[in-house]
Amino acid sequence: MHVMKLTTLSALGVCSVLMAGAAMAQSSRSAPAVAAEQVACIPIGGNAVGWAQVENNMADTSVRLFFRRLHDVVEDFYWVEMQSDGDGRYWGIFPKAEDQELNRHELERDREAVKRDEQDDDEEHRWAEWWRYKDKSDDRDPNGDLDQELIRERASVGKRFERHWMTQFDDPEFEAWLEKQVNEPAEYFVAVVDSQGRTLAQSDLLAAEVKNPDDCDPVFTPQQAGEKENLTIGETGEWQRDKAVFHWLCDGVVTRYDPFFIKRPDGVCRACVVAWWQKKELLIPLVTIPPAVIITQFDPDPVSPSTP
């Protein structure tokens, strides 16, 4: 009897180990992974398409394209939901890029004296060093001359993300890359998010040049062309509410998600549309149209809170 009990307990123990091992293996196999593809360019005043490959995706998840401009102070992200193209490939649409010059900063000598004490002036790459210092520093302000209040307000989320794309350059290459930028580049990554908004997988942070339209002409499928005229932008910081998408244009932005995934009309961009229609010179040709069709106020139905 004792032998049988021990044998039974041993068998149960073996089964438990096997089941636990199988569960761990299944968990390992099902963990999603995501890789964002390099975006060739984004045109000034135009949209672009971001692509990503997702492996082992699960039910009740969404794939999001997070983006921002390479700005010295404002570093929080926005996002758009990506659409499946089959076989684990997803696409998402960047809003239209605003025409914004990249601000130049040079790292002060006392900040780099230890490692560059004997460096000749003509060999220094202070703009590149400024960005590298900023990326590694907790205060986000290499020379101590930026607007600290603005940094606290508008870098609450973005400052946590390491700029992986900078590692492809050495200092001379990075300096040359910065020098040739016509506009603030865009930074972006792709994340797989569960129904509670938790990140399950995330790609490296990448950068795309924002170029003159003559030098950048993205191609869109019919579905993508429709999507870029009806964008829903997700916010990551409380400060982003009731403000235009920072250094991106209103054109095509229709609705927003706040950080709690509550959807609402985009009041800033819609207000611009109303103001445009209310211009006197535009209303004069419409005097034969019944007044009821002239929209002066948006009163959308309330949207219930939801989760992604």
# chains A, B, ... in the order shown; residues from 1 in each chain; ligands from 1
>>> residues_around(residues="segment 91-98 of chain A", least_positions_apart="5", cutoff="9 Å", atoms="only C-alpha atoms", output="number ranges by chain")
A: 42-52, 64-65, 67, 69, 79-85, 183, 186, 210, 224, 227-228, 231, 233, 245-253
>>> residues_around(residues="Asp141 of chain A", least_positions_apart="5", cutoff="9 Å", atoms="only C-alpha atoms", output="list in words")
Asp72, Val73, Trp130, Tyr133, Lys134, Leu146, Asp147, Gln148 and Ile151 of chain A
>>> residues_around(residues="segment 202-208 of chain A", least_positions_apart="3", cutoff="9 Å", atoms="only C-alpha atoms", output="list of chain:residue names")
A:Ala33, A:Val34, A:Ala35, A:Ala36, A:Glu37, A:Gln38, A:Val39, A:Ala40, A:Cys41, A:Ile42, A:Ala52, A:Leu70, A:Phe161, A:Glu162, A:Arg163, A:His164, A:Trp165, A:Met166, A:Pro185, A:Ala186, A:Glu187, A:Tyr188, A:Phe189, A:Val190, A:Ala191, A:Val192, A:Val193, A:Thr199
>>> write_last_selection(atoms="N, CA and C atoms", output="JSON list (two decimals), in the first residue's frame")
[["chain", "number", "residue", "atom", "x", "y", "z"],
["A", 33, "ALA", "N", 6.57, 39.25, -30.47],
["A", 33, "ALA", "CA", 7.78, 40.03, -30.76],
["A", 33, "ALA", "C", 7.45, 40.94, -31.94],
["A", 34, "VAL", "N", 8.04, 42.13, -31.94],
["A", 34, "VAL", "CA", 7.72, 43.10, -32.99],
["A", 34, "VAL", "C", 8.99, 43.80, -33.45],
["A", 35, "ALA", "N", 9.08, 44.01, -34.76],
["A", 35, "ALA", "CA", 10.19, 44.74, -35.36],
["A", 35, "ALA", "C", 9.63, 45.80, -36.30],
["A", 36, "ALA", "N", 9.97, 47.05, -36.05],
["A", 36, "ALA", "CA", 9.53, 48.14, -36.93],
["A", 36, "ALA", "C", 10.47, 48.21, -38.13],
["A", 37, "GLU", "N", 9.90, 48.52, -39.28],
["A", 37, "GLU", "CA", 10.69, 48.69, -40.49],
["A", 37, "GLU", "C", 11.13, 50.14, -40.64],
["A", 38, "GLN", "N", 12.28, 50.33, -41.29],
["A", 38, "GLN", "CA", 12.79, 51.68, -41.49],
["A", 38, "GLN", "C", 11.92, 52.44, -42.49],
["A", 39, "VAL", "N", 11.48, 53.62, -42.10],
["A", 39, "VAL", "CA", 10.73, 54.50, -43.00],
["A", 39, "VAL", "C", 11.74, 55.33, -43.78],
["A", 40, "ALA", "N", 11.62, 55.31, -45.10],
["A", 40, "ALA", "CA", 12.60, 56.00, -45.94],
["A", 40, "ALA", "C", 12.58, 57.51, -45.69],
["A", 41, "CYS", "N", 11.38, 58.09, -45.62],
["A", 41, "CYS", "CA", 11.26, 59.53, -45.41],
["A", 41, "CYS", "C", 9.80, 59.87, -45.18],
["A", 42, "ILE", "N", 9.57, 61.08, -44.65],
["A", 42, "ILE", "CA", 8.23, 61.64, -44.50],
["A", 42, "ILE", "C", 8.27, 63.01, -45.16],
["A", 52, "ALA", "N", 5.48, 47.26, -39.78],
["A", 52, "ALA", "CA", 6.09, 46.44, -38.73],
["A", 52, "ALA", "C", 5.74, 44.98, -38.95],
["A", 70, "LEU", "N", 11.79, 64.97, -33.52],
["A", 70, "LEU", "CA", 13.05, 65.09, -32.78],
["A", 70, "LEU", "C", 13.18, 66.53, -32.30],
["A", 161, "PHE", "N", 12.51, 56.60, -23.16],
["A", 161, "PHE", "CA", 12.84, 55.75, -24.31],
["A", 161, "PHE", "C", 14.23, 56.08, -24.84],
["A", 162, "GLU", "N", 15.08, 55.08, -24.84],
["A", 162, "GLU", "CA", 16.44, 55.25, -25.35],
["A", 162, "GLU", "C", 16.42, 55.35, -26.87],
["A", 163, "ARG", "N", 17.23, 56.24, -27.41],
["A", 163, "ARG", "CA", 17.29, 56.43, -28.85],
["A", 163, "ARG", "C", 18.25, 55.40, -29.46],
["A", 164, "HIS", "N", 17.72, 54.22, -29.76],
["A", 164, "HIS", "CA", 18.55, 53.14, -30.31],
["A", 164, "HIS", "C", 19.16, 53.54, -31.65],
["A", 165, "TRP", "N", 18.44, 54.33, -32.43],
["A", 165, "TRP", "CA", 18.91, 54.65, -33.78],
["A", 165, "TRP", "C", 20.21, 55.43, -33.79],
["A", 166, "MET", "N", 20.54, 56.11, -32.70],
["A", 166, "MET", "CA", 21.78, 56.88, -32.67],
["A", 166, "MET", "C", 23.02, 55.99, -32.68],
["A", 185, "PRO", "N", 13.53, 65.54, -37.80],
["A", 185, "PRO", "CA", 13.18, 64.16, -38.15],
["A", 185, "PRO", "C", 12.03, 63.64, -37.27],
["A", 186, "ALA", "N", 11.49, 62.50, -37.66],
["A", 186, "ALA", "CA", 10.49, 61.83, -36.84],
["A", 186, "ALA", "C", 11.13, 60.63, -36.15],
["A", 187, "GLU", "N", 10.75, 60.41, -34.90],
["A", 187, "GLU", "CA", 11.16, 59.21, -34.17],
["A", 187, "GLU", "C", 9.92, 58.34, -33.97],
["A", 188, "TYR", "N", 10.10, 57.03, -34.01],
["A", 188, "TYR", "CA", 8.94, 56.15, -33.91],
["A", 188, "TYR", "C", 9.34, 54.76, -33.43],
["A", 189, "PHE", "N", 8.36, 54.05, -32.87],
["A", 189, "PHE", "CA", 8.52, 52.64, -32.55],
["A", 189, "PHE", "C", 7.14, 51.99, -32.64],
["A", 190, "VAL", "N", 7.10, 50.68, -32.61],
["A", 190, "VAL", "CA", 5.85, 49.93, -32.70],
["A", 190, "VAL", "C", 5.73, 49.05, -31.46],
["A", 191, "ALA", "N", 4.52, 48.98, -30.90],
["A", 191, "ALA", "CA", 4.29, 48.18, -29.69],
["A", 191, "ALA", "C", 3.03, 47.34, -29.86],
["A", 192, "VAL", "N", 3.07, 46.14, -29.29],
["A", 192, "VAL", "CA", 1.88, 45.30, -29.16],
["A", 192, "VAL", "C", 1.32, 45.52, -27.76],
["A", 193, "VAL", "N", 0.04, 45.88, -27.68],
["A", 193, "VAL", "CA", -0.58, 46.30, -26.43],
["A", 193, "VAL", "C", -1.78, 45.40, -26.15],
["A", 199, "THR", "N", 1.99, 47.04, -22.39],
["A", 199, "THR", "CA", 2.86, 46.71, -23.51],
["A", 199, "THR", "C", 3.36, 45.28, -23.38]]
>>> select_by_dssp(residues="segment 100-253 of chain A", states="helix (DSSP H, G or I)", output="PDB file with C-alpha atoms, in the first residue's frame")
ATOM      1  CA  ARG A 109      33.140  72.184 -23.151  1.00  0.00           C
ATOM      2  CA  ASP A 110      32.949  71.722 -19.385  1.00  0.00           C
ATOM      3  CA  ARG A 111      30.468  68.878 -19.872  1.00  0.00           C
ATOM      4  CA  GLU A 112      32.895  66.902 -22.017  1.00  0.00           C
ATOM      5  CA  ASP A 121      38.366  72.260 -32.153  1.00  0.00           C
ATOM      6  CA  ASP A 122      38.158  71.220 -35.796  1.00  0.00           C
ATOM      7  CA  GLU A 123      37.643  67.590 -34.785  1.00  0.00           C
ATOM      8  CA  ARG A 126      29.424  69.172 -30.420  1.00  0.00           C
ATOM      9  CA  TRP A 127      25.913  68.893 -31.882  1.00  0.00           C
ATOM     10  CA  ALA A 128      26.183  65.109 -31.964  1.00  0.00           C
ATOM     11  CA  GLU A 129      27.612  65.098 -28.447  1.00  0.00           C
ATOM     12  CA  TRP A 130      24.753  67.303 -27.220  1.00  0.00           C
ATOM     13  CA  TRP A 131      22.184  64.717 -28.335  1.00  0.00           C
ATOM     14  CA  ARG A 132      24.167  61.798 -26.939  1.00  0.00           C
ATOM     15  CA  TYR A 133      24.469  63.522 -23.567  1.00  0.00           C
ATOM     16  CA  LYS A 134      20.770  64.348 -23.593  1.00  0.00           C
ATOM     17  CA  ASP A 135      19.826  60.754 -24.388  1.00  0.00           C
ATOM     18  CA  LYS A 136      21.793  59.431 -21.408  1.00  0.00           C
ATOM     19  CA  GLN A 148      12.676  73.106 -17.334  1.00  0.00           C
ATOM     20  CA  GLU A 149       8.938  73.553 -16.802  1.00  0.00           C
ATOM     21  CA  LEU A 150       8.245  72.651 -20.410  1.00  0.00           C
ATOM     22  CA  ILE A 151      10.501  69.610 -20.131  1.00  0.00           C
ATOM     23  CA  ARG A 152       8.611  68.390 -17.052  1.00  0.00           C
ATOM     24  CA  GLU A 153       5.273  68.937 -18.760  1.00  0.00           C
ATOM     25  CA  ARG A 154       6.018  67.563 -22.217  1.00  0.00           C
ATOM     26  CA  GLY A 158       9.054  60.222 -23.974  1.00  0.00           C
ATOM     27  CA  LYS A 159      12.138  60.655 -21.801  1.00  0.00           C
ATOM     28  CA  ARG A 160      12.005  56.980 -20.795  1.00  0.00           C
ATOM     29  CA  HIS A 164      18.547  53.143 -30.311  1.00  0.00           C
ATOM     30  CA  TRP A 165      18.906  54.646 -33.781  1.00  0.00           C
ATOM     31  CA  MET A 166      21.782  56.881 -32.669  1.00  0.00           C
ATOM     32  CA  THR A 167      24.031  53.863 -32.137  1.00  0.00           C
ATOM     33  CA  GLN A 168      24.376  53.338 -35.903  1.00  0.00           C
ATOM     34  CA  ASP A 171      30.283  61.105 -33.811  1.00  0.00           C
ATOM     35  CA  PRO A 172      31.450  62.408 -37.223  1.00  0.00           C
ATOM     36  CA  GLU A 173      28.664  60.493 -39.008  1.00  0.00           C
ATOM     37  CA  PHE A 174      26.028  61.682 -36.565  1.00  0.00           C
ATOM     38  CA  GLU A 175      27.182  65.299 -36.860  1.00  0.00           C
ATOM     39  CA  ALA A 176      27.005  65.063 -40.657  1.00  0.00           C
ATOM     40  CA  TRP A 177      23.525  63.515 -40.460  1.00  0.00           C
ATOM     41  CA  LEU A 178      22.276  66.326 -38.221  1.00  0.00           C
ATOM     42  CA  GLU A 179      23.804  68.963 -40.494  1.00  0.00           C
ATOM     43  CA  PRO A 213       7.996  66.852 -50.946  1.00  0.00           C
ATOM     44  CA  ASP A 214      10.081  66.957 -54.148  1.00  0.00           C
ATOM     45  CA  ASP A 215      12.519  64.533 -52.505  1.00  0.00           C
ATOM     46  CA  PRO A 222      -6.470  52.828 -51.579  1.00  0.00           C
ATOM     47  CA  GLN A 223      -7.102  51.708 -47.997  1.00  0.00           C
ATOM     48  CA  GLN A 224      -4.144  53.734 -46.723  1.00  0.00           C
ATOM     49  CA  ALA A 225      -5.216  56.759 -48.751  1.00  0.00           C
ATOM     50  CA  GLY A 226      -8.612  56.613 -47.034  1.00  0.00           C
ATOM     51  CA  GLU A 227      -7.063  56.129 -43.605  1.00  0.00           C
ATOM     52  CA  GLU A 238      -2.291  64.719 -20.111  1.00  0.00           C
ATOM     53  CA  TRP A 239      -0.850  67.953 -21.533  1.00  0.00           C
ATOM     54  CA  GLN A 240      -1.671  66.822 -25.083  1.00  0.00           C
TER      55      GLN A 240
END
